[in-house]
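Next comes entry28.csv, a file with CSV, C-alpha atoms.
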chain,number,residue,atom,x,y,z
V,164,TYR,CA,-28.2,-33.3,-110.2
V,165,MET,CA,-27.6,-35.2,-113.4
V,166,LYS,CA,-29.9,-32.8,-115.3
V,167,ASN,CA,-27.9,-29.9,-114.1
V,168,VAL,CA,-24.6,-31.4,-115.0
V,169,GLN,CA,-25.7,-32.7,-118.4
V,170,LYS,CA,-25.5,-29.2,-119.8
V,171,TYR,CA,-21.7,-29.8,-120.0
V,172,ASN,CA,-22.3,-32.6,-122.4
V,173,LEU,CA,-19.9,-35.1,-120.7
V,174,SER,CA,-20.0,-38.6,-122.0
V,175,ALA,CA,-20.2,-40.4,-118.6
V,176,VAL,CA,-23.0,-38.2,-117.4
V,177,ASN,CA,-24.9,-38.5,-120.7
V,178,GLU,CA,-24.7,-42.3,-120.7
V,179,ALA,CA,-25.7,-42.6,-117.0
V,180,PHE,CA,-28.6,-40.2,-117.5
V,181,ASN,CA,-29.8,-42.0,-120.6
V,182,GLU,CA,-29.6,-45.3,-118.6
V,183,LEU,CA,-31.8,-43.8,-115.9
V,184,LEU,CA,-34.3,-42.7,-118.5
V,185,ILE,CA,-34.4,-46.2,-120.0
V,186,GLU,CA,-35.0,-47.7,-116.6
V,187,ASP,CA,-37.8,-45.2,-116.0
V,188,GLU,CA,-39.2,-45.9,-119.5
V,189,ASP,CA,-39.3,-42.2,-120.2
V,190,TYR,CA,-38.9,-42.2,-124.0
V,191,ASP,CA,-39.8,-38.6,-124.5
V,192,ALA,CA,-37.1,-37.4,-122.2
V,193,LEU,CA,-34.6,-39.9,-123.7
V,194,ARG,CA,-35.3,-38.6,-127.2
V,195,LYS,CA,-34.8,-35.0,-126.0
V,196,SER,CA,-31.6,-36.0,-124.3
V,197,ILE,CA,-30.3,-37.7,-127.4
V,198,ASP,CA,-31.2,-34.6,-129.5
V,199,SER,CA,-29.6,-32.1,-127.1
V,200,PHE,CA,-26.5,-33.9,-125.9
V,201,ASN,CA,-24.7,-36.1,-128.4
V,202,ASN,CA,-21.5,-36.9,-126.5
V,203,PHE,CA,-22.0,-40.6,-125.8
V,204,ASN,CA,-21.7,-44.0,-127.5
V,205,MET,CA,-24.7,-43.7,-129.8
V,206,ILE,CA,-24.3,-47.1,-131.5
V,207,ALA,CA,-24.1,-48.9,-128.2
V,208,LEU,CA,-27.3,-47.2,-127.1
V,209,ALA,CA,-29.1,-48.0,-130.4
V,210,SER,CA,-28.1,-51.7,-130.2
V,211,LYS,CA,-29.3,-51.9,-126.6
V,212,LEU,CA,-32.7,-50.2,-127.4
V,213,ALA,CA,-33.2,-52.4,-130.6
V,214,THR,CA,-34.4,-55.3,-128.4
V,215,HIS,CA,-36.4,-53.3,-125.9
V,216,GLU,CA,-39.9,-54.5,-125.3
V,217,LEU,CA,-41.5,-51.0,-125.8
V,218,LEU,CA,-42.1,-49.9,-129.3
V,219,GLU,CA,-41.1,-46.2,-128.7
V,220,PHE,CA,-37.6,-47.3,-127.5
V,221,ARG,CA,-37.1,-49.4,-130.6
V,222,ARG,CA,-38.2,-46.3,-132.7
V,223,ILE,CA,-35.5,-44.3,-130.8
V,224,SER,CA,-33.0,-47.0,-131.7
V,225,ALA,CA,-33.9,-46.7,-135.4
V,226,TYR,CA,-33.7,-42.9,-135.0
V,227,VAL,CA,-30.2,-43.1,-133.5
V,228,TYR,CA,-29.1,-45.4,-136.3
V,229,ARG,CA,-30.5,-42.9,-138.8
V,230,GLN,CA,-28.7,-40.0,-137.1
V,231,ASN,CA,-25.5,-42.0,-137.5
V,232,LYS,CA,-26.2,-42.8,-141.2
V,233,LYS,CA,-26.7,-46.5,-140.5
V,234,TRP,CA,-29.6,-46.6,-143.0
V,235,SER,CA,-30.0,-50.3,-143.4
V,236,ALA,CA,-30.1,-51.0,-139.6
V,237,SER,CA,-32.6,-48.2,-139.1
V,238,ILE,CA,-34.9,-49.4,-141.9
V,239,ASP,CA,-34.6,-53.1,-140.8
V,240,LEU,CA,-35.7,-52.1,-137.2
V,241,SER,CA,-38.6,-50.0,-138.6
V,242,LYS,CA,-39.7,-52.9,-140.9
V,243,ASN,CA,-39.8,-55.3,-138.0
V,244,ASP,CA,-42.1,-52.9,-136.2
V,245,LYS,CA,-44.1,-52.1,-139.3
V,246,MET,CA,-43.3,-48.4,-138.9
V,247,TRP,CA,-43.6,-47.8,-142.6
V,248,LYS,CA,-43.4,-44.0,-142.4
V,249,ASP,CA,-40.1,-44.2,-140.6
V,250,CYS,CA,-38.8,-46.6,-143.2
V,251,ILE,CA,-39.8,-44.3,-146.0
V,252,ASP,CA,-38.3,-41.2,-144.3
V,253,THR,CA,-35.0,-42.9,-143.6
V,254,ALA,CA,-34.7,-44.2,-147.2
V,255,ASN,CA,-35.4,-40.7,-148.5
V,256,GLU,CA,-32.9,-39.2,-146.2
V,257,SER,CA,-30.3,-41.7,-147.3
V,258,ALA,CA,-30.7,-40.6,-150.9
V,259,ASP,CA,-29.4,-44.0,-151.9
V,260,ALA,CA,-31.2,-45.5,-154.9
V,261,GLU,CA,-30.3,-49.1,-153.9
V,262,ILE,CA,-31.7,-48.7,-150.4
V,263,ILE,CA,-34.9,-47.1,-151.8
V,264,GLU,CA,-35.3,-49.8,-154.5
V,265,ASP,CA,-34.9,-52.5,-151.9
V,266,LEU,CA,-37.6,-50.8,-149.8
V,267,LEU,CA,-39.9,-50.6,-152.8
V,268,ARG,CA,-39.4,-54.3,-153.6
V,269,PHE,CA,-40.1,-55.1,-150.0
V,270,PHE,CA,-43.4,-53.2,-150.2
V,271,CYS,CA,-44.3,-55.1,-153.4
V,272,ASP,CA,-43.4,-58.4,-151.9
V,273,SER,CA,-45.6,-57.7,-148.8
V,274,SER,CA,-48.4,-56.3,-150.9
V,275,GLU,CA,-48.3,-52.9,-149.3
V,276,LYS,CA,-49.7,-50.9,-152.2
V,277,GLU,CA,-50.2,-47.7,-150.2
V,278,CYS,CA,-46.7,-47.8,-148.8
V,279,PHE,CA,-45.3,-48.5,-152.3
V,280,CYS,CA,-47.2,-45.4,-153.5
V,281,ALA,CA,-46.1,-43.3,-150.5
V,282,ALA,CA,-42.4,-44.4,-151.0
V,283,LEU,CA,-42.5,-43.4,-154.7
V,284,TYR,CA,-44.1,-40.1,-153.9
V,285,THR,CA,-41.6,-39.3,-151.1
V,286,CYS,CA,-38.5,-40.6,-152.8
V,287,PHE,CA,-39.2,-39.8,-156.4
V,288,THR,CA,-36.0,-37.8,-156.9
V,289,HIS,CA,-33.9,-40.9,-156.0
V,290,VAL,CA,-35.9,-43.5,-157.9
V,291,ASN,CA,-35.0,-44.5,-161.5
V,292,PRO,CA,-38.2,-44.3,-163.6
V,293,ASP,CA,-37.5,-47.7,-165.1
V,294,VAL,CA,-37.5,-49.3,-161.6
V,295,ALA,CA,-40.8,-47.6,-160.7
V,296,LEU,CA,-42.5,-48.7,-163.9
V,297,GLU,CA,-41.2,-52.2,-163.7
V,298,LEU,CA,-42.3,-52.7,-160.1
V,299,GLY,CA,-45.6,-51.1,-160.7
V,300,TRP,CA,-46.3,-53.2,-163.8
V,301,LEU,CA,-45.1,-56.5,-162.4
V,302,ASN,CA,-47.3,-56.1,-159.3
V,303,GLY,CA,-50.4,-54.7,-161.0
V,304,TYR,CA,-50.0,-51.2,-159.5
V,305,HIS,CA,-50.2,-49.4,-162.8
V,306,ASN,CA,-53.8,-48.3,-162.2
V,307,TYR,CA,-53.3,-47.5,-158.5
Could you take the file, read its structure, and then write that structure out as structure tokens?
Amino acid sequence: YMKNVQKYNLSAVNEAFNELLIEDEDYDALRKSIDSFNNFNMIALASKLATHELLEFRRISAYVYRQNKKWSASIDLSKNDKMWKDCIDTANESADAEIIEDLLRFFCDSSEKECFCAALYTCFTHVNPDVALELGWLNGYHNY
């Protein structure tokens, strides 16, 4: 019944259906529901999923924050789960030099050379060259 009514994109139906999907631990269907029907309290859903025990639900939480342009919240969730690609993609989508620089510094502090390189490659249009050179030099990544 709820699937048939969801096509009307009603807030109460969307929230109830999403709750059922969370209870059933059906993260694929939840992601499709979020993408197709956006009339519900997205931030409340994201904050609820942020502490879920399953990784995929936490990834959905980061995705919802990203869709709502809550870049820092999304990146922090992805950092906690060590989902580096999600961090890099979110930072790039934000196009915010400060957020990208913070992520680059995080990768340097945690000695994630490959992630530092991937972030530079992905976000190069938003990174100041002096920042890239400084971080690379200080951390010995200039030959990497």
Next on the checklist: When you count all atoms listed in the file, which of these residues is closest to Asp293 of chain V: V:Glu219, V:Asp259, V:Asp272, V:Glu264?
Outcome noted: V:Glu264
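Pairwise distance (atom CA of Ala282 of chain V, atom CA of Trp247 of chain V) equals 9.1 Å.
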Checklist entry - Near Phe287 of chain V, within 10 Å and counting all atoms listed in the file, which residues show up once chain neighbours fewer than 4 positions away are dropped, as a ChimeraX atom specification? => result /V:255,260,263,281-283,291-292,295
Item to check | Nearby residues (only C-alpha atoms) at most 10 Å from segment 300-304 of chain V, same-chain spacing under 6 positions excluded, as a PyMOL selection string | outcome: chain V and resi 268+271-272+274+276-277+279-280+294
For Lys166 of chain V, list every protein, DNA or RNA residue within 12 Å, evaluated using only C-alpha atoms, and leave out those in the same chain fewer than 4 positions away; present the list as a compact mmCIF listing (two decimals) with C-alpha atoms, keeping the file's coordinate frame.
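In the end it all went to out-v5.txt:
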# COMPACT_ATOMS: atom_id res chain seq x y z
CA LYS V 170 -25.50 -29.20 -119.80
CA TYR V 171 -21.70 -29.80 -120.00
CA ASN V 172 -22.30 -32.60 -122.40
CA LEU V 173 -19.90 -35.10 -120.70
CA VAL V 176 -23.00 -38.20 -117.40
CA ASN V 177 -24.90 -38.50 -120.70
CA ALA V 179 -25.70 -42.60 -117.00
CA PHE V 180 -28.60 -40.20 -117.50
CA ASN V 181 -29.80 -42.00 -120.60
CA LEU V 183 -31.80 -43.80 -115.90
CA LEU V 184 -34.30 -42.70 -118.50
CA ALA V 192 -37.10 -37.40 -122.20
CA LEU V 193 -34.60 -39.90 -123.70
CA LYS V 195 -34.80 -35.00 -126.00
CA SER V 196 -31.60 -36.00 -124.30
CA SER V 199 -29.60 -32.10 -127.10
CA PHE V 200 -26.50 -33.90 -125.90
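Of note, atom CA of Cys278 of chain V and atom CA of Lys233 of chain V are spaced 21.7 Å apart.
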Next on the checklist: For a test of reading the model, state the distance in Å between atom CA of Ser235 of chain V and atom CA of Ala209 of chain V, rounded to one decimal.
Outcome noted: 13.2 Å
Checklist entry - With only C-alpha atoms as the atoms that count, which of V:Gln230, V:Asn204, V:Leu298, V:Glu178 lies nearest to Asp265 of chain V? => result V:Leu298
Near His215 of chain V, counting only C-alpha atoms, which residues have an atom at most 12 Å away, once you skip same-chain residues fewer than 3 positions from it, shown as an mmCIF file with C-alpha atoms, keeping the file's coordinate frame?
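And here's result31.cif as it stands now:
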data_model
loop_
_atom_site.group_PDB
_atom_site.id
_atom_site.type_symbol
_atom_site.label_atom_id
_atom_site.label_comp_id
_atom_site.auth_asym_id
_atom_site.auth_seq_id
_atom_site.Cartn_x
_atom_site.Cartn_y
_atom_site.Cartn_z
ATOM 1 C CA ILE V 185 -34.400 -46.200 -120.000
ATOM 2 C CA GLU V 186 -35.000 -47.700 -116.600
ATOM 3 C CA GLU V 188 -39.200 -45.900 -119.500
ATOM 4 C CA TYR V 190 -38.900 -42.200 -124.000
ATOM 5 C CA LEU V 208 -27.300 -47.200 -127.100
ATOM 6 C CA ALA V 209 -29.100 -48.000 -130.400
ATOM 7 C CA SER V 210 -28.100 -51.700 -130.200
ATOM 8 C CA LYS V 211 -29.300 -51.900 -126.600
ATOM 9 C CA LEU V 212 -32.700 -50.200 -127.400
ATOM 10 C CA LEU V 218 -42.100 -49.900 -129.300
ATOM 11 C CA GLU V 219 -41.100 -46.200 -128.700
ATOM 12 C CA PHE V 220 -37.600 -47.300 -127.500
ATOM 13 C CA ARG V 221 -37.100 -49.400 -130.600
ATOM 14 C CA ARG V 222 -38.200 -46.300 -132.700
ATOM 15 C CA ILE V 223 -35.500 -44.300 -130.800
ATOM 16 C CA SER V 224 -33.000 -47.000 -131.700
ATOM 17 C CA ALA V 225 -33.900 -46.700 -135.400
ATOM 18 C CA LEU V 240 -35.700 -52.100 -137.200
ATOM 19 C CA ASP V 244 -42.100 -52.900 -136.200
#
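Of the residues under consideration (V:Ala213, V:Leu296, V:Leu266, V:Ala175), V:Leu266 shows the shortest atom-to-atom contact distance to Ile251 of chain V when counting all atoms listed in the file.
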Checklist outcome for this item: Residue with the minimum atom-to-atom distance to Ala236 of chain V, picked from V:Phe270, V:Cys286, V:Cys250, V:Asp189 with only C-alpha atoms counted, is V:Cys250
Missing atoms in segment 289-300 of chain V should be modelled up to all heavy atoms and reported as a PDB file, in the frame of the given file.
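The resulting file, part_13.pdb, is shown below:
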ATOM      1  N   HIS V 289     -34.999 -39.884-156.138  1.00  0.00           N
ATOM      2  CA  HIS V 289     -33.900 -40.900-156.000  1.00  0.00           C
ATOM      3  C   HIS V 289     -34.240 -42.189-156.716  1.00  0.00           C
ATOM      4  O   HIS V 289     -33.434 -43.108-156.686  1.00  0.00           O
ATOM      5  CB  HIS V 289     -33.572 -41.124-154.567  1.00  0.00           C
ATOM      6  CG  HIS V 289     -33.395 -39.885-153.761  1.00  0.00           C
ATOM      7  ND1 HIS V 289     -32.391 -38.975-153.982  1.00  0.00           N
ATOM      8  CD2 HIS V 289     -34.117 -39.378-152.730  1.00  0.00           C
ATOM      9  CE1 HIS V 289     -32.500 -37.977-153.120  1.00  0.00           C
ATOM     10  NE2 HIS V 289     -33.543 -38.200-152.351  1.00  0.00           N
ATOM     11  N   VAL V 290     -35.434 -42.286-157.293  1.00  0.00           N
ATOM     12  CA  VAL V 290     -35.900 -43.500-157.900  1.00  0.00           C
ATOM     13  C   VAL V 290     -35.736 -43.439-159.417  1.00  0.00           C
ATOM     14  O   VAL V 290     -36.208 -42.471-160.018  1.00  0.00           O
ATOM     15  CB  VAL V 290     -37.341 -43.859-157.530  1.00  0.00           C
ATOM     16  CG1 VAL V 290     -37.813 -45.122-158.223  1.00  0.00           C
ATOM     17  CG2 VAL V 290     -37.493 -43.993-156.031  1.00  0.00           C
ATOM     18  N   ASN V 291     -35.109 -44.440-159.998  1.00  0.00           N
ATOM     19  CA  ASN V 291     -35.000 -44.500-161.500  1.00  0.00           C
ATOM     20  C   ASN V 291     -36.410 -44.789-162.031  1.00  0.00           C
ATOM     21  O   ASN V 291     -37.093 -45.692-161.531  1.00  0.00           O
ATOM     22  CB  ASN V 291     -34.039 -45.562-161.916  1.00  0.00           C
ATOM     23  CG  ASN V 291     -32.607 -45.216-161.555  1.00  0.00           C
ATOM     24  OD1 ASN V 291     -32.240 -44.041-161.538  1.00  0.00           O
ATOM     25  ND2 ASN V 291     -31.821 -46.229-161.254  1.00  0.00           N
ATOM     26  N   PRO V 292     -36.822 -44.068-163.049  1.00  0.00           N
ATOM     27  CA  PRO V 292     -38.200 -44.300-163.600  1.00  0.00           C
ATOM     28  C   PRO V 292     -38.396 -45.715-164.099  1.00  0.00           C
ATOM     29  O   PRO V 292     -39.496 -46.250-163.937  1.00  0.00           O
ATOM     30  CB  PRO V 292     -38.223 -43.312-164.794  1.00  0.00           C
ATOM     31  CG  PRO V 292     -37.205 -42.268-164.486  1.00  0.00           C
ATOM     32  CD  PRO V 292     -36.138 -42.955-163.687  1.00  0.00           C
ATOM     33  N   ASP V 293     -37.361 -46.354-164.646  1.00  0.00           N
ATOM     34  CA  ASP V 293     -37.500 -47.700-165.100  1.00  0.00           C
ATOM     35  C   ASP V 293     -37.839 -48.689-163.982  1.00  0.00           C
ATOM     36  O   ASP V 293     -38.625 -49.625-164.129  1.00  0.00           O
ATOM     37  CB  ASP V 293     -36.317 -48.187-165.928  1.00  0.00           C
ATOM     38  CG  ASP V 293     -35.029 -48.194-165.122  1.00  0.00           C
ATOM     39  OD1 ASP V 293     -34.853 -47.305-164.270  1.00  0.00           O
ATOM     40  OD2 ASP V 293     -34.190 -49.087-165.357  1.00  0.00           O
ATOM     41  N   VAL V 294     -37.254 -48.439-162.809  1.00  0.00           N
ATOM     42  CA  VAL V 294     -37.500 -49.300-161.600  1.00  0.00           C
ATOM     43  C   VAL V 294     -38.964 -49.094-161.181  1.00  0.00           C
ATOM     44  O   VAL V 294     -39.674 -50.071-160.905  1.00  0.00           O
ATOM     45  CB  VAL V 294     -36.539 -48.957-160.486  1.00  0.00           C
ATOM     46  CG1 VAL V 294     -36.933 -49.665-159.212  1.00  0.00           C
ATOM     47  CG2 VAL V 294     -35.110 -49.321-160.886  1.00  0.00           C
ATOM     48  N   ALA V 295     -39.408 -47.847-161.121  1.00  0.00           N
ATOM     49  CA  ALA V 295     -40.800 -47.600-160.700  1.00  0.00           C
ATOM     50  C   ALA V 295     -41.788 -48.198-161.645  1.00  0.00           C
ATOM     51  O   ALA V 295     -42.761 -48.826-161.207  1.00  0.00           O
ATOM     52  CB  ALA V 295     -41.006 -46.054-160.614  1.00  0.00           C
ATOM     53  N   LEU V 296     -41.548 -48.068-162.938  1.00  0.00           N
ATOM     54  CA  LEU V 296     -42.500 -48.700-163.900  1.00  0.00           C
ATOM     55  C   LEU V 296     -42.456 -50.173-163.867  1.00  0.00           C
ATOM     56  O   LEU V 296     -43.504 -50.817-163.934  1.00  0.00           O
ATOM     57  CB  LEU V 296     -42.100 -48.172-165.330  1.00  0.00           C
ATOM     58  CG  LEU V 296     -42.441 -46.717-165.634  1.00  0.00           C
ATOM     59  CD1 LEU V 296     -41.827 -46.292-166.958  1.00  0.00           C
ATOM     60  CD2 LEU V 296     -43.940 -46.534-165.655  1.00  0.00           C
ATOM     61  N   GLU V 297     -41.271 -50.750-163.758  1.00  0.00           N
ATOM     62  CA  GLU V 297     -41.200 -52.200-163.700  1.00  0.00           C
ATOM     63  C   GLU V 297     -41.906 -52.776-162.489  1.00  0.00           C
ATOM     64  O   GLU V 297     -42.710 -53.707-162.621  1.00  0.00           O
ATOM     65  CB  GLU V 297     -39.683 -52.624-163.622  1.00  0.00           C
ATOM     66  CG  GLU V 297     -39.471 -54.111-163.389  1.00  0.00           C
ATOM     67  CD  GLU V 297     -38.036 -54.458-163.030  1.00  0.00           C
ATOM     68  OE1 GLU V 297     -37.137 -53.602-163.143  1.00  0.00           O
ATOM     69  OE2 GLU V 297     -37.816 -55.609-162.614  1.00  0.00           O
ATOM     70  N   LEU V 298     -41.642 -52.217-161.312  1.00  0.00           N
ATOM     71  CA  LEU V 298     -42.300 -52.700-160.100  1.00  0.00           C
ATOM     72  C   LEU V 298     -43.798 -52.497-160.140  1.00  0.00           C
ATOM     73  O   LEU V 298     -44.577 -53.358-159.738  1.00  0.00           O
ATOM     74  CB  LEU V 298     -41.690 -52.069-158.855  1.00  0.00           C
ATOM     75  CG  LEU V 298     -40.244 -52.454-158.544  1.00  0.00           C
ATOM     76  CD1 LEU V 298     -39.713 -51.640-157.385  1.00  0.00           C
ATOM     77  CD2 LEU V 298     -40.137 -53.939-158.254  1.00  0.00           C
ATOM     78  N   GLY V 299     -44.200 -51.347-160.631  1.00  0.00           N
ATOM     79  CA  GLY V 299     -45.600 -51.100-160.700  1.00  0.00           C
ATOM     80  C   GLY V 299     -46.318 -52.024-161.704  1.00  0.00           C
ATOM     81  O   GLY V 299     -47.407 -52.542-161.417  1.00  0.00           O
ATOM     82  N   TRP V 300     -45.690 -52.284-162.821  1.00  0.00           N
ATOM     83  CA  TRP V 300     -46.300 -53.200-163.800  1.00  0.00           C
ATOM     84  C   TRP V 300     -46.323 -54.619-163.353  1.00  0.00           C
ATOM     85  O   TRP V 300     -47.359 -55.283-163.473  1.00  0.00           O
ATOM     86  CB  TRP V 300     -45.492 -53.057-165.137  1.00  0.00           C
ATOM     87  CG  TRP V 300     -46.075 -53.891-166.220  1.00  0.00           C
ATOM     88  CD1 TRP V 300     -45.673 -55.133-166.613  1.00  0.00           C
ATOM     89  CD2 TRP V 300     -47.211 -53.578-167.025  1.00  0.00           C
ATOM     90  NE1 TRP V 300     -46.465 -55.597-167.618  1.00  0.00           N
ATOM     91  CE2 TRP V 300     -47.430 -54.660-167.902  1.00  0.00           C
ATOM     92  CE3 TRP V 300     -48.059 -52.477-167.101  1.00  0.00           C
ATOM     93  CZ2 TRP V 300     -48.454 -54.678-168.819  1.00  0.00           C
ATOM     94  CZ3 TRP V 300     -49.072 -52.497-168.028  1.00  0.00           C
ATOM     95  CH2 TRP V 300     -49.262 -53.587-168.868  1.00  0.00           C
TER      96      TRP V 300
END
